[in-house]
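See below for coords24.txt, which holds compact mmCIF, C-alpha atoms.
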# COMPACT_ATOMS: atom_id res chain seq x y z
CA MET A 1 202.35 70.39 89.18
CA ASN A 2 201.75 71.78 92.66
CA GLU A 3 198.62 71.08 94.75
CA THR A 4 197.08 74.50 94.09
CA LYS A 5 197.28 74.10 90.32
CA ILE A 6 195.91 70.55 90.52
CA GLU A 7 192.96 71.76 92.59
CA GLU A 8 192.30 74.64 90.15
CA LEU A 9 192.38 72.17 87.26
CA ARG A 10 189.94 69.84 89.05
CA LYS A 11 187.54 72.72 89.73
CA ARG A 12 187.71 73.90 86.12
CA ARG A 13 187.10 70.39 84.80
CA ALA A 14 184.18 69.90 87.21
CA ARG A 15 182.64 73.22 86.12
CA LEU A 16 183.02 72.33 82.44
CA ALA A 17 181.54 68.88 83.05
CA SER A 18 178.61 70.47 84.86
CA ILE A 19 178.01 72.85 81.95
CA GLU A 20 178.14 69.94 79.52
CA ARG A 21 175.68 67.87 81.61
CA ALA A 22 173.26 70.82 81.74
CA LYS A 23 173.57 71.32 77.98
CA ARG A 24 172.86 67.64 77.35
CA ALA A 25 169.91 67.62 79.79
CA ARG A 26 168.48 70.67 78.02
CA GLU A 27 168.75 68.96 74.63
CA VAL A 28 167.26 65.68 75.86
CA ASN A 29 164.57 66.86 78.31
CA GLY A 30 163.92 70.46 77.27
CA PRO A 31 161.51 69.90 74.36
CA ARG A 32 159.35 67.50 76.42
CA ILE A 33 159.23 69.94 79.34
CA VAL A 34 158.35 72.89 77.11
CA ALA A 35 155.54 70.83 75.54
CA SER A 36 154.32 69.91 79.03
CA LEU A 37 154.21 73.61 79.97
CA ALA A 38 151.82 74.39 77.08
CA PRO A 39 148.69 74.36 79.32
CA ALA A 40 150.26 77.20 81.32
CA ILE A 41 152.00 79.22 78.61
CA GLY A 42 150.12 78.29 75.44
CA ASP A 43 151.33 76.75 72.23
CA GLY A 44 153.98 78.24 70.02
CA PHE A 45 156.81 78.25 72.55
CA THR A 46 159.99 76.31 71.90
CA LEU A 47 163.10 75.53 73.89
CA ALA A 48 164.72 78.59 72.31
CA ASP A 49 162.23 80.79 74.21
CA PHE A 50 163.71 79.63 77.52
CA ASP A 51 166.83 81.51 78.54
CA ILE A 52 169.20 80.06 81.14
CA ASP A 53 170.86 83.44 81.56
CA VAL A 54 167.71 85.16 82.86
CA GLU A 55 167.90 85.45 86.63
CA PRO A 56 164.72 84.93 88.66
CA PRO A 57 163.54 88.26 90.08
CA LEU A 58 163.05 86.62 93.48
CA PRO A 59 165.46 84.05 94.90
CA ILE A 60 163.62 80.93 96.08
CA GLU A 61 165.32 78.25 98.14
CA PRO A 62 163.59 74.94 97.33
CA LEU A 63 164.45 73.36 100.67
CA GLN A 64 162.92 76.26 102.58
CA LEU A 65 159.73 76.79 100.59
CA LYS A 66 157.38 75.98 103.44
CA SER A 67 159.02 78.32 105.92
CA SER A 68 159.77 81.16 103.51
CA SER A 69 156.40 81.36 101.74
CA GLU A 70 153.84 83.94 102.73
CA TRP A 71 151.12 81.45 101.79
CA THR A 72 151.52 77.67 101.74
CA GLU A 73 148.96 75.00 100.92
CA LEU A 74 150.16 71.41 101.20
CA ALA A 75 148.65 68.03 100.33
CA LEU A 76 146.02 69.31 97.94
CA SER A 77 143.94 67.19 95.58
CA LYS A 78 143.89 68.22 91.95
CA ASP A 79 140.30 69.46 92.27
CA ARG A 80 141.20 71.63 95.27
CA VAL A 81 144.34 73.12 93.73
CA LEU A 82 142.40 73.84 90.51
CA ARG A 83 139.76 75.75 92.51
CA ILE A 84 142.48 77.80 94.22
CA ALA A 85 144.23 78.38 90.86
CA ALA A 86 140.98 79.61 89.32
CA CYS A 87 140.56 82.04 92.22
CA ILE A 88 144.14 83.23 91.74
CA GLU A 89 143.39 83.90 88.07
CA GLU A 90 140.38 86.01 89.12
CA ASN A 91 142.47 88.04 91.58
CA LEU A 92 145.84 88.27 89.85
CA GLY A 93 146.44 91.67 88.36
CA SER A 94 149.27 90.74 86.01
CA PHE A 95 149.41 87.69 83.80
CA ASP A 96 152.71 88.47 82.11
CA GLY A 97 156.10 87.67 83.54
CA LEU A 98 158.54 84.78 83.70
CA VAL A 99 157.80 81.07 83.95
CA GLY A 100 159.99 78.03 84.47
CA LEU A 101 160.70 75.13 86.78
CA LEU A 102 161.97 75.62 90.30
CA ALA A 103 165.61 74.66 90.85
CA ASN A 104 166.12 73.62 87.24
CA ASP A 105 169.62 74.49 86.10
CA TYR A 106 169.23 73.77 82.39
CA LEU A 107 165.80 74.96 81.19
CA GLY A 108 165.88 78.61 82.19
CA LEU A 109 162.98 81.04 82.23
CA CYS A 110 160.56 82.08 79.51
CA ARG A 111 158.88 85.46 79.17
CA VAL A 112 155.13 85.08 78.77
CA ARG A 113 152.41 87.61 78.09
CA ARG A 114 149.56 85.52 79.47
CA ILE A 115 149.98 82.75 82.04
CA SER A 116 147.25 80.30 82.95
CA ILE A 117 147.47 79.46 86.64
CA THR A 118 145.08 76.52 86.17
CA GLY A 119 147.34 75.46 83.30
CA MET A 120 150.26 75.50 85.73
CA VAL A 121 148.42 72.79 87.68
CA ASP A 122 148.18 70.60 84.58
CA ALA A 123 151.81 71.28 83.70
CA ALA A 124 153.02 70.41 87.21
CA ASP A 125 150.92 67.25 87.06
CA ALA A 126 152.41 66.24 83.70
CA ILE A 127 156.04 66.72 84.66
CA GLU A 128 155.81 66.22 88.45
CA GLU A 129 157.88 69.31 89.11
CA ALA A 130 157.34 72.72 90.67
CA VAL A 131 156.21 75.20 88.03
CA VAL A 132 156.99 78.77 89.03
CA PHE A 133 155.57 82.06 87.73
CA TYR A 134 157.08 85.46 88.52
CA PRO A 135 154.55 88.21 87.71
CA ARG A 136 156.08 91.23 86.01
CA ASP A 137 154.19 93.91 87.92
CA ILE A 138 154.47 92.63 91.48
CA VAL A 139 157.40 91.20 93.40
CA GLY A 140 156.66 87.60 94.15
CA ALA A 141 156.21 84.14 92.76
CA ILE A 142 153.49 81.53 92.50
CA LEU A 143 154.65 77.92 92.63
CA ILE A 144 152.56 74.86 91.98
CA ASP A 145 154.26 71.57 92.75
CA CYS A 146 153.18 68.01 92.11
CA TYR A 147 154.81 65.07 93.85
CA LYS A 148 152.87 61.83 93.39
CA SER A 149 154.59 59.80 96.05
CA PRO A 150 153.57 58.19 98.33
CA PRO A 151 150.51 56.79 96.52
CA GLY A 152 147.17 57.91 97.92
CA TYR A 153 148.59 61.12 99.36
CA PRO A 154 147.25 64.32 97.74
CA PRO A 155 150.11 65.31 95.42
CA PHE A 156 149.83 69.08 95.00
CA SER A 157 151.31 71.97 96.91
CA LEU A 158 150.94 75.68 96.28
CA TYR A 159 153.31 78.36 97.50
CA VAL A 160 153.11 82.12 97.18
CA GLN A 161 156.28 84.12 97.76
CA GLY A 162 156.18 87.87 98.30
CA ARG A 163 154.08 89.77 100.79
CA ASP A 164 152.32 92.03 98.25
CA LEU A 165 151.42 89.12 95.99
CA ALA A 166 150.12 87.08 98.94
CA GLU A 167 148.02 90.04 100.04
CA ALA A 168 146.56 90.47 96.53
CA LEU A 169 145.58 86.79 96.55
CA ARG A 170 144.12 86.80 100.08
CA PRO A 171 140.56 86.01 98.86
CA CYS A 172 141.84 82.64 97.62
CA ARG A 173 143.32 81.46 100.91
CA VAL A 174 141.85 78.40 102.56
CA ASP A 175 142.57 79.53 106.15

Now, as a test, write the supplied structure out as structure tokens.
Amino acid sequence: MNETKIEELRKRRARLASIERAKRAREVNGPRIVASLAPAIGDGFTLADFDIDVEPPLPIEPLQLKSSSEWTELALSKDRVLRIAACIEENLGSFDGLVGLLANDYLGLCRVRRISITGMVDAADAIEEAVVFYPRDIVGAILIDCYKSPPGYPPFSLYVQGRDLAEALRPCRVD
């Protein structure tokens, strides 16, 4: 077998192994994550409601969140992020759209008719991941992240992507 064919075979095997790992991670972790998202999306959703083939309407690069967001709040306490989330709920025009976890390659996105932004805080707290909501009627995304390390450091961050969405939520900004 020549080098080109060997390399093609390696790439194919790596891709298949990656697909298999994602499938296994979905089976093992998916139900727990979906249950943890219940405060944001409500009860009655199952893993089957999350579709890995649905593309996010707005590409978000996790490593560049701070620099690419139109609105960024870092190192927030739970009380503070809940107050901001409540304000967002008061000013958000559309509560239906897509929800999921940022940079998760096995869960996918779920279509929701009514998101709870304050529930996103509880969900992010429970799973210590960035929960992302893409409103249907406005280009943008709201991300609430929880990272509880190092201890004693306020664990929450909030990011708003999309100029129009950030403008609609201007009354909630800390500035």

Using only C-alpha atoms, I'd like a table of the residues in stretch 121-167 of chain A that come within 7 Å of stretch 24-37 of chain A; for each, show the closest atom pair and its distance in Å rounded to one decimal, ordered by chain and ascending number, as CSV.
residue,atom,partner,partner_atom,distance
A:Ala123,CA,A:Leu37,CA,5.0
A:Ala126,CA,A:Ser36,CA,6.2
A:Ile127,CA,A:Ser36,CA,6.7

| From the set A:Pro62, A:Pro150, A:Gly42, A:Gly162, which residue has the shortest atom-to-atom contact distance to A:Gly119, counting only C-alpha atoms? | A:Gly42

| message | Neighbouring residues of stretch 55-59 of chain A were defined as those with any atom within 8 Å, considering all atoms listed in the file; residues of the same chain fewer than 4 positions away were excluded. Please report them as a PyMOL selection string. | response | chain A and resi 98+109+134+139-141

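From atom CA of A:Ala124 back to atom CA of A:Tyr159, the distance works out to 13.0 Å.
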
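Here atom CA of A:Thr72 and atom CA of A:Asp51 stand 28.1 Å from one another.
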
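The list of residues with at least one atom within 10 Å of A:Val132, based on all atoms listed in the file and without residues fewer than 6 positions apart in the same chain, reads Pro56, Ile60, Leu98, Val99, Gly100, Leu101, Leu102, Ala103, Leu109, Ile117, Met120, Ala124, Ala141, Ile142, Leu143, Ile144, Asp145, Leu158, Tyr159 and Val160 of chain A.
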
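Between atom CA of A:Ala86 and atom CA of A:Ile41 the separation is 15.4 Å.
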
| task | Give the answer as one residue: which of A:Pro151, A:Gly108, A:Gly97, A:Pro135 has the shortest atom-to-atom distance to A:Leu47, using only C-alpha atoms? | result | A:Gly108

| task | Considering all atoms listed in the file, state which residue in the set A:Ile52, A:Leu65, A:Leu82, A:Leu76 is at the smallest distance from A:Ala22. | result | A:Ile52

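Using only C-alpha atoms, the smallest distance between any of A:Ala75, A:Val81, A:Val121, A:Cys110 and A:Ser149 comes from A:Ala75.
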